[in-house]
$ cat model06.cif   # mmCIF, C-alpha atoms and all ligand atoms
data_protein
#
loop_
_atom_site.group_PDB
_atom_site.id
_atom_site.type_symbol
_atom_site.label_atom_id
_atom_site.label_comp_id
_atom_site.auth_asym_id
_atom_site.auth_seq_id
_atom_site.Cartn_x
_atom_site.Cartn_y
_atom_site.Cartn_z
ATOM 1 C CA MET A 1 -11.971 -28.736 -24.542
ATOM 2 C CA LYS A 2 -9.931 -25.551 -24.936
ATOM 3 C CA ASP A 3 -9.593 -23.668 -21.676
ATOM 4 C CA ILE A 4 -10.434 -20.125 -22.747
ATOM 5 C CA ALA A 5 -11.069 -18.982 -19.188
ATOM 6 C CA ARG A 6 -7.667 -20.005 -17.875
ATOM 7 C CA GLN A 7 -6.006 -18.599 -21.007
ATOM 8 C CA SER A 8 -7.650 -15.228 -20.333
ATOM 9 C CA MET A 9 -7.034 -14.971 -16.607
ATOM 10 C CA SER A 10 -4.105 -16.118 -14.496
ATOM 11 C CA ILE A 11 -5.367 -15.638 -10.931
ATOM 12 C CA LYS A 12 -8.371 -16.935 -8.988
ATOM 13 C CA VAL A 13 -11.487 -14.765 -8.795
ATOM 14 C CA GLU A 14 -11.386 -15.006 -5.000
ATOM 15 C CA SER A 15 -7.939 -13.358 -5.044
ATOM 16 C CA MET A 16 -9.275 -10.767 -7.454
ATOM 17 C CA ASP A 17 -12.111 -9.890 -5.060
ATOM 18 C CA LEU A 18 -9.705 -9.534 -2.157
ATOM 19 C CA LEU A 19 -7.338 -7.398 -4.235
ATOM 20 C CA ASN A 20 -10.239 -5.170 -5.285
ATOM 21 C CA GLY A 21 -10.959 -4.777 -1.578
ATOM 22 C CA GLN A 22 -7.332 -3.814 -1.043
ATOM 23 C CA ILE A 23 -7.540 -1.257 -3.871
ATOM 24 C CA LYS A 24 -10.370 0.331 -1.949
ATOM 25 C CA MET A 25 -8.373 0.283 1.273
ATOM 26 C CA GLU A 26 -5.340 1.956 -0.324
ATOM 27 C CA ALA A 27 -7.603 4.613 -1.866
ATOM 28 C CA HIS A 28 -9.161 5.166 1.541
ATOM 29 C CA ALA A 29 -5.692 5.493 3.094
ATOM 30 C CA SER A 30 -4.689 8.009 0.426
ATOM 31 C CA ALA A 31 -7.801 10.100 1.088
ATOM 32 C CA THR A 32 -7.317 9.853 4.860
ATOM 33 C CA TYR A 33 -3.748 11.147 4.599
ATOM 34 C CA LEU A 34 -4.936 13.983 2.418
ATOM 35 C CA ALA A 35 -7.429 14.921 5.150
ATOM 36 C CA MET A 36 -4.594 14.788 7.677
ATOM 37 C CA ALA A 37 -2.480 17.062 5.456
ATOM 38 C CA SER A 38 -5.379 19.497 5.381
ATOM 39 C CA TRP A 39 -5.682 19.388 9.181
ATOM 40 C CA CYS A 40 -1.921 19.959 9.590
ATOM 41 C CA GLU A 41 -1.970 22.926 7.202
ATOM 42 C CA GLN A 42 -4.864 24.524 9.068
ATOM 43 C CA ASN A 43 -3.263 24.030 12.457
ATOM 44 C CA GLY A 44 0.207 25.314 11.622
ATOM 45 C CA PHE A 45 2.027 21.974 11.312
ATOM 46 C CA PHE A 46 3.451 22.686 7.884
ATOM 47 C CA THR A 47 6.187 20.060 7.857
ATOM 48 C CA SER A 48 3.769 17.353 8.962
ATOM 49 C CA ALA A 49 1.433 18.529 6.197
ATOM 50 C CA LYS A 50 4.211 17.883 3.679
ATOM 51 C CA PHE A 51 4.722 14.439 5.195
ATOM 52 C CA PHE A 52 1.044 13.569 4.736
ATOM 53 C CA PHE A 53 0.858 14.958 1.208
ATOM 54 C CA LYS A 54 3.660 12.581 0.353
ATOM 55 C CA GLN A 55 1.995 9.665 2.168
ATOM 56 C CA ALA A 56 -1.215 10.340 0.243
ATOM 57 C CA GLU A 57 0.696 10.061 -3.017
ATOM 58 C CA GLU A 58 2.384 6.850 -1.930
ATOM 59 C CA GLU A 59 -0.924 5.217 -1.027
ATOM 60 C CA ARG A 60 -2.241 6.071 -4.451
ATOM 61 C CA GLU A 61 0.828 4.403 -5.956
ATOM 62 C CA HIS A 62 0.069 1.288 -3.877
ATOM 63 C CA MET A 63 -3.464 1.324 -5.225
ATOM 64 C CA MET A 64 -2.227 1.608 -8.809
ATOM 65 C CA LYS A 65 0.231 -1.242 -8.290
ATOM 66 C CA ILE A 66 -2.641 -3.565 -7.393
ATOM 67 C CA PHE A 67 -4.861 -2.118 -10.120
ATOM 68 C CA ASN A 68 -2.195 -2.835 -12.734
ATOM 69 C CA PHE A 69 -1.616 -6.327 -11.360
ATOM 70 C CA LEU A 70 -5.308 -7.068 -11.948
ATOM 71 C CA VAL A 71 -4.980 -5.688 -15.468
ATOM 72 C CA ASP A 72 -1.889 -7.822 -16.138
ATOM 73 C CA THR A 73 -3.526 -10.998 -14.845
ATOM 74 C CA GLY A 74 -6.689 -10.489 -16.899
ATOM 75 C CA GLY A 75 -8.858 -9.606 -13.920
ATOM 76 C CA ASN A 76 -11.529 -6.977 -13.500
ATOM 77 C CA PRO A 77 -10.118 -4.058 -11.465
ATOM 78 C CA ILE A 78 -12.830 -1.873 -9.948
ATOM 79 C CA SER A 79 -12.314 1.857 -9.443
ATOM 80 C CA PRO A 80 -13.034 2.324 -5.742
ATOM 81 C CA GLU A 81 -15.694 4.426 -4.071
ATOM 82 C CA VAL A 82 -14.158 6.318 -1.184
ATOM 83 C CA THR A 83 -16.440 7.625 1.542
ATOM 84 C CA GLY A 84 -16.409 8.481 5.217
ATOM 85 C CA ILE A 85 -13.094 10.328 5.472
ATOM 86 C CA ASN A 86 -12.463 11.747 8.940
ATOM 87 C CA HIS A 87 -11.221 15.348 9.090
ATOM 88 C CA ASP A 88 -11.382 15.817 12.879
ATOM 89 C CA TYR A 89 -8.344 15.335 15.073
ATOM 90 C CA SER A 90 -7.850 16.529 18.638
ATOM 91 C CA SER A 91 -4.092 17.090 18.302
ATOM 92 C CA ILE A 92 -1.035 16.340 16.182
ATOM 93 C CA VAL A 93 -0.421 13.344 18.459
ATOM 94 C CA ASP A 94 -3.902 12.110 17.619
ATOM 95 C CA VAL A 95 -3.051 12.452 13.917
ATOM 96 C CA PHE A 96 0.054 10.267 14.154
ATOM 97 C CA GLU A 97 -1.592 7.750 16.477
ATOM 98 C CA SER A 98 -4.437 7.377 13.973
ATOM 99 C CA THR A 99 -1.851 6.925 11.238
ATOM 100 C CA LEU A 100 -0.230 3.997 13.023
ATOM 101 C CA GLU A 101 -3.628 2.466 13.736
ATOM 102 C CA HIS A 102 -4.518 2.770 10.058
ATOM 103 C CA GLU A 103 -1.228 1.217 8.897
ATOM 104 C CA VAL A 104 -1.661 -1.739 11.250
ATOM 105 C CA LYS A 105 -5.120 -2.297 9.790
ATOM 106 C CA VAL A 106 -3.665 -2.275 6.272
ATOM 107 C CA THR A 107 -0.930 -4.727 7.293
ATOM 108 C CA LYS A 108 -3.523 -7.126 8.714
ATOM 109 C CA SER A 109 -5.556 -6.910 5.537
ATOM 110 C CA ILE A 110 -2.514 -7.693 3.374
ATOM 111 C CA HIS A 111 -1.531 -10.616 5.574
ATOM 112 C CA ASN A 112 -5.064 -11.938 5.256
ATOM 113 C CA ILE A 113 -4.862 -11.871 1.455
ATOM 114 C CA VAL A 114 -1.480 -13.630 1.535
ATOM 115 C CA LYS A 115 -3.003 -16.309 3.766
ATOM 116 C CA LYS A 116 -6.085 -16.716 1.533
ATOM 117 C CA SER A 117 -4.075 -16.798 -1.692
ATOM 118 C CA ARG A 118 -1.891 -19.501 -0.159
ATOM 119 C CA GLU A 119 -5.012 -21.521 0.686
ATOM 120 C CA LEU A 120 -6.205 -21.039 -2.880
ATOM 121 C CA GLY A 121 -2.884 -22.178 -4.318
ATOM 122 C CA ASP A 122 -2.707 -18.807 -6.079
ATOM 123 C CA PHE A 123 1.081 -18.438 -6.155
ATOM 124 C CA ALA A 124 1.053 -15.381 -8.436
ATOM 125 C CA THR A 125 -0.982 -13.320 -5.993
ATOM 126 C CA GLU A 126 1.024 -14.563 -3.027
ATOM 127 C CA LYS A 127 4.312 -13.611 -4.715
ATOM 128 C CA PHE A 128 2.932 -10.261 -5.852
ATOM 129 C CA LEU A 129 2.097 -9.360 -2.253
ATOM 130 C CA ASP A 130 5.681 -9.930 -1.018
ATOM 131 C CA TRP A 131 6.501 -6.302 -1.826
ATOM 132 C CA PHE A 132 3.498 -5.068 0.172
ATOM 133 C CA VAL A 133 4.430 -7.169 3.203
ATOM 134 C CA MET A 134 7.880 -5.544 3.306
ATOM 135 C CA GLU A 135 6.508 -2.084 2.540
ATOM 136 C CA GLN A 136 4.131 -2.322 5.507
ATOM 137 C CA ILE A 137 7.010 -3.091 7.875
ATOM 138 C CA GLU A 138 8.698 0.084 6.677
ATOM 139 C CA GLU A 139 5.542 2.208 6.933
ATOM 140 C CA GLU A 140 4.692 1.003 10.433
ATOM 141 C CA ASN A 141 8.277 1.583 11.502
ATOM 142 C CA THR A 142 8.286 5.170 10.224
ATOM 143 C CA VAL A 143 5.179 6.111 12.181
ATOM 144 C CA ARG A 144 6.390 4.295 15.300
ATOM 145 C CA ASP A 145 9.636 6.283 15.126
ATOM 146 C CA ILE A 146 7.702 9.540 14.815
ATOM 147 C CA LEU A 147 5.566 8.599 17.838
ATOM 148 C CA ASP A 148 8.766 7.820 19.803
ATOM 149 C CA MET A 149 10.149 11.217 18.811
ATOM 150 C CA ILE A 150 6.921 12.870 20.019
ATOM 151 C CA GLU A 151 7.209 11.018 23.320
ATOM 152 C CA VAL A 152 10.813 12.193 23.835
ATOM 153 C CA THR A 153 10.152 15.773 22.714
ATOM 154 C CA GLY A 154 7.015 16.238 24.776
ATOM 155 C CA THR A 155 4.111 18.505 23.860
ATOM 156 C CA GLU A 156 4.708 21.266 26.434
ATOM 157 C CA GLY A 157 5.779 24.788 25.452
ATOM 158 C CA VAL A 158 7.585 24.796 22.118
ATOM 159 C CA GLY A 159 7.396 20.987 21.999
ATOM 160 C CA LEU A 160 4.671 20.945 19.349
ATOM 161 C CA GLN A 161 6.659 23.159 17.003
ATOM 162 C CA MET A 162 9.793 21.076 17.609
ATOM 163 C CA ILE A 163 7.829 17.935 16.815
ATOM 164 C CA ASP A 164 6.673 19.412 13.536
ATOM 165 C CA ASN A 165 10.204 20.473 12.586
ATOM 166 C CA GLN A 166 11.582 17.016 13.302
ATOM 167 C CA VAL A 167 9.035 15.289 11.060
ATOM 168 C CA ALA A 168 11.265 16.587 8.249
ATOM 169 C CA ASN A 169 13.629 13.713 9.065
ATOM 170 C CA TRP A 170 11.058 11.292 7.705
ATOM 171 C CA ILE A 171 10.398 13.079 4.434
ATOM 172 C CA ASP A 172 12.662 12.125 1.570
ATOM 173 C CA MET B 1 -20.432 -25.242 -27.907
ATOM 174 C CA ASN B 2 -19.925 -26.918 -24.543
ATOM 175 C CA VAL B 3 -22.171 -26.428 -21.555
ATOM 176 C CA ILE B 4 -20.191 -25.009 -18.632
ATOM 177 C CA PHE B 5 -23.047 -24.817 -16.163
ATOM 178 C CA GLN B 6 -26.806 -24.930 -16.216
ATOM 179 C CA SER B 7 -28.991 -23.428 -13.489
ATOM 180 C CA THR B 8 -32.786 -23.487 -13.336
ATOM 181 C CA TYR B 9 -33.308 -20.594 -15.773
ATOM 182 C CA TYR B 10 -29.935 -20.012 -17.425
ATOM 183 C CA THR B 11 -27.118 -21.843 -19.206
ATOM 184 C CA LEU B 12 -23.528 -20.804 -19.776
ATOM 185 C CA TYR B 13 -21.784 -22.156 -22.868
ATOM 186 C CA GLN B 14 -18.189 -21.967 -23.997
ATOM 187 C CA ALA B 15 -17.629 -21.446 -27.714
ATOM 188 C CA ALA B 16 -13.997 -22.525 -28.126
ATOM 189 C CA ASN B 17 -13.779 -21.673 -31.839
ATOM 190 C CA GLU B 18 -14.935 -18.080 -31.155
ATOM 191 C CA ARG B 19 -12.924 -17.819 -27.928
ATOM 192 C CA CYS B 20 -15.962 -16.562 -26.055
ATOM 193 C CA PHE B 21 -18.967 -17.559 -23.970
ATOM 194 C CA TYR B 22 -22.730 -17.474 -24.420
ATOM 195 C CA ILE B 23 -25.396 -17.180 -21.767
ATOM 196 C CA ASP B 24 -28.839 -18.412 -22.677
ATOM 197 C CA PHE B 25 -31.195 -16.096 -20.796
ATOM 198 C CA GLY B 26 -34.277 -17.916 -22.105
ATOM 199 C CA GLN B 27 -35.631 -15.111 -24.257
ATOM 200 C CA LYS B 28 -32.204 -14.087 -25.525
ATOM 201 C CA MET B 29 -28.733 -15.508 -26.150
ATOM 202 C CA VAL B 30 -25.942 -13.156 -25.062
ATOM 203 C CA ARG B 31 -22.379 -13.435 -26.364
ATOM 204 C CA MET B 32 -19.669 -12.532 -23.855
ATOM 205 C CA SER B 33 -15.922 -12.350 -23.520
ATOM 206 C CA LEU B 34 -14.378 -13.478 -20.252
ATOM 207 C CA CYS B 35 -13.985 -9.797 -19.282
ATOM 208 C CA GLN B 36 -17.685 -9.254 -19.802
ATOM 209 C CA LEU B 37 -18.406 -12.385 -17.800
ATOM 210 C CA LEU B 38 -16.259 -10.986 -14.974
ATOM 211 C CA ALA B 39 -18.182 -7.710 -15.162
ATOM 212 C CA LEU B 40 -21.469 -9.637 -15.004
ATOM 213 C CA ARG B 41 -20.149 -11.539 -11.994
ATOM 214 C CA HIS B 42 -19.290 -8.291 -10.232
ATOM 215 C CA LYS B 43 -22.718 -6.817 -10.899
ATOM 216 C CA VAL B 44 -24.633 -9.921 -9.895
ATOM 217 C CA MET B 45 -22.581 -10.623 -6.769
ATOM 218 C CA SER B 46 -22.928 -6.968 -5.691
ATOM 219 C CA ILE B 47 -26.735 -7.199 -5.600
ATOM 220 C CA ALA B 48 -27.920 -7.204 -1.981
ATOM 221 C CA ILE B 49 -30.637 -9.825 -2.164
ATOM 222 C CA GLU B 50 -31.726 -9.048 1.439
ATOM 223 C CA ASP B 51 -33.017 -5.712 0.152
ATOM 224 C CA HIS B 52 -35.675 -7.643 -1.777
ATOM 225 C CA PHE B 53 -37.273 -8.569 1.534
ATOM 226 C CA ASP B 54 -37.406 -4.983 2.779
ATOM 227 C CA SER B 55 -40.114 -2.897 1.108
ATOM 228 C CA ASP B 56 -38.253 0.332 1.950
ATOM 229 C CA LEU B 57 -35.054 -0.727 0.234
ATOM 230 C CA ASN B 58 -36.522 -2.521 -2.770
ATOM 231 C CA ALA B 59 -40.256 -1.966 -3.000
ATOM 232 C CA HIS B 60 -41.009 -4.300 -5.923
ATOM 233 C CA GLY B 61 -38.257 -6.903 -5.737
ATOM 234 C CA PHE B 62 -36.823 -6.238 -9.191
ATOM 235 C CA GLU B 63 -33.289 -5.552 -10.379
ATOM 236 C CA VAL B 64 -32.308 -3.823 -13.588
ATOM 237 C CA LEU B 65 -29.204 -5.410 -15.017
ATOM 238 C CA MET B 66 -27.261 -3.838 -17.844
ATOM 239 C CA LEU B 67 -24.749 -6.082 -19.565
ATOM 240 C CA CYS B 68 -21.933 -5.868 -22.085
ATOM 241 C CA ASN B 69 -21.435 -2.095 -21.968
ATOM 242 C CA LYS B 70 -25.153 -1.265 -22.113
ATOM 243 C CA GLU B 71 -25.802 -3.560 -25.064
ATOM 244 C CA HIS B 72 -28.362 -5.629 -23.155
ATOM 245 C CA LEU B 73 -30.876 -4.754 -20.477
ATOM 246 C CA PHE B 74 -32.650 -7.236 -18.234
ATOM 247 C CA VAL B 75 -35.269 -6.756 -15.555
ATOM 248 C CA LEU B 76 -35.062 -9.698 -13.193
ATOM 249 C CA ASN B 77 -37.080 -10.731 -10.158
ATOM 250 C CA THR B 78 -35.799 -12.130 -6.855
ATOM 251 C CA LEU B 79 -35.840 -15.779 -7.953
ATOM 252 C CA GLU B 80 -34.103 -14.979 -11.222
ATOM 253 C CA ILE B 81 -31.390 -12.995 -9.436
ATOM 254 C CA LEU B 82 -30.808 -15.854 -6.988
ATOM 255 C CA ASP B 83 -30.577 -18.255 -9.896
ATOM 256 C CA LEU B 84 -28.184 -15.969 -11.764
ATOM 257 C CA LYS B 85 -25.980 -15.702 -8.655
ATOM 258 C CA LYS B 86 -25.912 -19.491 -8.591
ATOM 259 C CA LEU B 87 -25.050 -19.683 -12.280
ATOM 260 C CA VAL B 88 -22.228 -17.192 -11.917
ATOM 261 C CA SER B 89 -20.583 -18.689 -8.847
ATOM 262 C CA ASN B 90 -20.834 -22.272 -10.104
ATOM 263 C CA SER B 91 -19.648 -21.345 -13.580
ATOM 264 C CA PHE B 92 -16.402 -19.860 -12.288
ATOM 265 C CA VAL B 93 -15.795 -23.037 -10.331
ATOM 266 C CA SER B 94 -16.412 -25.113 -13.474
ATOM 267 C CA LEU B 95 -14.080 -22.833 -15.419
ATOM 268 C CA GLY B 96 -11.334 -23.503 -12.876
ATOM 269 C CA LEU B 97 -11.058 -19.849 -11.874
ATOM 270 C CA SER B 98 -12.722 -20.241 -8.487
ATOM 271 C CA VAL B 99 -12.578 -22.701 -5.622
ATOM 272 C CA GLY B 100 -16.108 -21.673 -4.691
ATOM 273 C CA ALA B 101 -15.429 -21.770 -0.977
ATOM 274 C CA LEU B 102 -15.049 -18.174 0.116
ATOM 275 C CA GLU B 103 -17.568 -15.550 -0.851
ATOM 276 C CA THR B 104 -15.560 -12.355 -0.880
ATOM 277 C CA ILE B 105 -17.391 -9.626 -2.755
ATOM 278 C CA THR B 106 -18.776 -7.163 -0.273
ATOM 279 C CA SER B 107 -19.775 -4.190 -2.341
HETATM 280 FE FE FE A 201 -0.394 1.344 1.326
HETATM 281 FE FE FE A 202 0.609 2.971 4.126
#
$ encode --input "model06.cif" --output "structure tokens" --more "lines below"
Ligand SMILES: [Fe+2]
Ligand SMILES: [Fe+2]
Amino acid sequence: MKDIARQSMSIKVESMDLLNGQIKMEAHASATYLAMASWCEQNGFFTSAKFFFKQAEEEREHMMKIFNFLVDTGGNPISPEVTGINHDYSSIVDVFESTLEHEVKVTKSIHNIVKKSRELGDFATEKFLDWFVMEQIEEENTVRDILDMIEVTGTEGVGLQMIDNQVANWID
Amino acid sequence: MNVIFQSTYYTLYQAANERCFYIDFGQKMVRMSLCQLLALRHKVMSIAIEDHFDSDLNAHGFEVLMLCNKEHLFVLNTLEILDLKKLVSNSFVSLGLSVGALETITS
């Protein structure tokens, strides 16, 4: 019997479901960073706003990377519904702390898919996610460095404005 | 045509010479590509069957299912949906595209 199914699709449907979940997560991250950019603009943190505009774009690129992988493997990529974006932050420190929290969540989710794809014997998906595993290390590291800088600078007096200026070091 | 999987109400066939699949819905035979089968899977697996037991969420226990880019329309009851879920999940296992262990579609 000819195997039309396998000829049409080169990953497991379980991996596809998890990757569709990840598409949603990256879209949510993109929208969250856009909300943060909006908050920064409204509160006078213009350099941080630039940083988050750029992050928002990057998250969308992550989403498209997965979307295109599902296209290439013959899967069924689903355009995500994005809801429940928080726009309220108590301070710029809160913004960056939430960012790190969010990135850690994304890292865990990616690791989970790597683990599941390994269990499934889905080598293509596992290999595809290598890039994301490394990218998450970089993203977490960036935000950790910014939080360290905030700690050293302090938020008293002109501290907040100095913090914002220094965020420029992480935009390139 | 080869039978891939047969549930109580439905049967999935593979038509190797046409490089496609057929689902026998009882009253109608529907021709599908693998992409369309994946789309059907997504729709069927996304149905929250618990809502059928809550008269506020689904008052009459029916689902309207549109398939193959609006070419076909089915109105199915709770038992038929459950059976279709079974057909879909077992078929992908038979086709070698699923291990059938983890249920991962959430929404
Ligand atoms: Fe990302
Ligand atoms: Fe990220």
$ resolve_selection --input "model06.cif" --expression "the PyMOL selection byres (((chain A and resi 145-148) around 9) and not hetatm)" --output "list in words"
Val93, Phe96, Glu97, Leu100, Glu140, Asn141, Thr142, Val143, Arg144, Met149, Ile150, Glu151, Val152, Thr153, Ile163, Gln166, Val167 and Trp170 of chain A
$ write_last_selection --input "model06.cif" --atoms "C-alpha atoms" --output "compact mmCIF listing (two decimals), keeping the file's coordinate frame"
# COMPACT_ATOMS: atom_id res chain seq x y z
CA VAL A 93 -0.42 13.34 18.46
CA PHE A 96 0.05 10.27 14.15
CA GLU A 97 -1.59 7.75 16.48
CA LEU A 100 -0.23 4.00 13.02
CA GLU A 140 4.69 1.00 10.43
CA ASN A 141 8.28 1.58 11.50
CA THR A 142 8.29 5.17 10.22
CA VAL A 143 5.18 6.11 12.18
CA ARG A 144 6.39 4.30 15.30
CA MET A 149 10.15 11.22 18.81
CA ILE A 150 6.92 12.87 20.02
CA GLU A 151 7.21 11.02 23.32
CA VAL A 152 10.81 12.19 23.84
CA THR A 153 10.15 15.77 22.71
CA ILE A 163 7.83 17.93 16.82
CA GLN A 166 11.58 17.02 13.30
CA VAL A 167 9.04 15.29 11.06
CA TRP A 170 11.06 11.29 7.70
$ residues_near_ligand --input "model06.cif" --ligand "ligand FE 201 (chain A)" --cutoff "6 Å" --atoms "only C-alpha atoms and all ligand atoms" --output "list in words"
Glu26, Glu59 and His62 of chain A
$ write_last_selection --input "model06.cif" --atoms "C-alpha atoms" --output "tab-separated table (two decimals), in the frame of the given file"
chain	number	residue	atom	x	y	z
A	26	GLU	CA	-5.34	1.96	-0.32
A	59	GLU	CA	-0.92	5.22	-1.03
A	62	HIS	CA	0.07	1.29	-3.88
$ residues_near_ligand --input "model06.cif" --ligand "ligand FE 202 (chain A)" --cutoff "7 Å" --atoms "all atoms listed in the file" --output "ChimeraX atom specification"
/A:29,59,103,136,139
$ closest_residue --input "model06.cif" --among "B:Leu84, B:Ser91, B:Glu63, B:Cys68" --to "Ser33 in chain B" --atoms "only C-alpha atoms"
B:Cys68
$ interface_residues --input "model06.cif" --of "chain B" --to "chain A" --cutoff "7 Å" --atoms "only C-alpha atoms" --output "list in words"
Ala16, Arg19, Leu34, Cys35, Leu38, Ala39, Leu95, Leu97, Ser98, Thr104 and Ile105 of chain B
$ atom_distance --input "model06.cif" --atom1 "CA of Thr47 in chain A" --atom2 "CA of Asp88 in chain A"
18.8 Å
$ atom_distance --input "model06.cif" --atom1 "CA of Phe52 in chain A" --atom2 "CA of Cys40 in chain A"
8.6 Å
$ resolve_selection --input "model06.cif" --expression "the PyMOL selection byres (((chain B and resi 14) around 8) and not hetatm)" --output "PyMOL selection string"
chain B and resi 1-4+12-13+15-16+19-22
$ build_atoms --input "model06.cif" --residues "range 127-149 of chain A" --atoms "N, CA and C atoms" --output "compact mmCIF listing (two decimals), in the coordinates of the input"
# COMPACT_ATOMS: atom_id res chain seq x y z
N LYS A 127 3.00 -14.20 -4.40
CA LYS A 127 4.31 -13.61 -4.72
C LYS A 127 4.21 -12.10 -4.91
N PHE A 128 3.15 -11.68 -5.60
CA PHE A 128 2.93 -10.26 -5.85
C PHE A 128 2.87 -9.47 -4.54
N LEU A 129 2.30 -10.08 -3.52
CA LEU A 129 2.10 -9.36 -2.25
C LEU A 129 3.35 -9.27 -1.39
N ASP A 130 4.41 -10.01 -1.77
CA ASP A 130 5.68 -9.93 -1.02
C ASP A 130 6.11 -8.47 -0.81
N TRP A 131 6.07 -7.70 -1.89
CA TRP A 131 6.50 -6.30 -1.83
C TRP A 131 5.69 -5.53 -0.79
N PHE A 132 4.38 -5.79 -0.75
CA PHE A 132 3.50 -5.07 0.17
C PHE A 132 3.79 -5.45 1.63
N VAL A 133 4.11 -6.71 1.85
CA VAL A 133 4.43 -7.17 3.20
C VAL A 133 5.64 -6.40 3.72
N MET A 134 6.67 -6.26 2.89
CA MET A 134 7.88 -5.54 3.31
C MET A 134 7.62 -4.04 3.44
N GLU A 135 6.84 -3.51 2.52
CA GLU A 135 6.51 -2.08 2.54
C GLU A 135 5.77 -1.71 3.83
N GLN A 136 4.90 -2.60 4.28
CA GLN A 136 4.13 -2.32 5.51
C GLN A 136 5.04 -2.27 6.73
N ILE A 137 6.06 -3.13 6.76
CA ILE A 137 7.01 -3.09 7.88
C ILE A 137 7.64 -1.71 7.93
N GLU A 138 8.06 -1.23 6.76
CA GLU A 138 8.70 0.08 6.68
C GLU A 138 7.74 1.20 7.12
N GLU A 139 6.50 1.15 6.63
CA GLU A 139 5.54 2.21 6.93
C GLU A 139 5.21 2.24 8.42
N GLU A 140 4.98 1.06 8.99
CA GLU A 140 4.69 1.00 10.43
C GLU A 140 5.87 1.55 11.22
N ASN A 141 7.07 1.16 10.80
CA ASN A 141 8.28 1.58 11.50
C ASN A 141 8.44 3.10 11.49
N THR A 142 8.19 3.71 10.34
CA THR A 142 8.29 5.17 10.22
C THR A 142 7.39 5.86 11.24
N VAL A 143 6.13 5.44 11.29
CA VAL A 143 5.18 6.11 12.18
C VAL A 143 5.52 5.83 13.65
N ARG A 144 5.97 4.62 13.92
CA ARG A 144 6.39 4.30 15.30
C ARG A 144 7.54 5.21 15.73
N ASP A 145 8.50 5.40 14.82
CA ASP A 145 9.64 6.28 15.13
C ASP A 145 9.16 7.71 15.40
N ILE A 146 8.22 8.18 14.61
CA ILE A 146 7.70 9.54 14.82
C ILE A 146 7.02 9.63 16.19
N LEU A 147 6.24 8.60 16.53
CA LEU A 147 5.57 8.60 17.84
C LEU A 147 6.59 8.56 18.99
N ASP A 148 7.69 7.83 18.79
CA ASP A 148 8.77 7.82 19.80
C ASP A 148 9.37 9.22 19.94
N MET A 149 9.60 9.86 18.81
CA MET A 149 10.15 11.22 18.81
C MET A 149 9.21 12.16 19.56
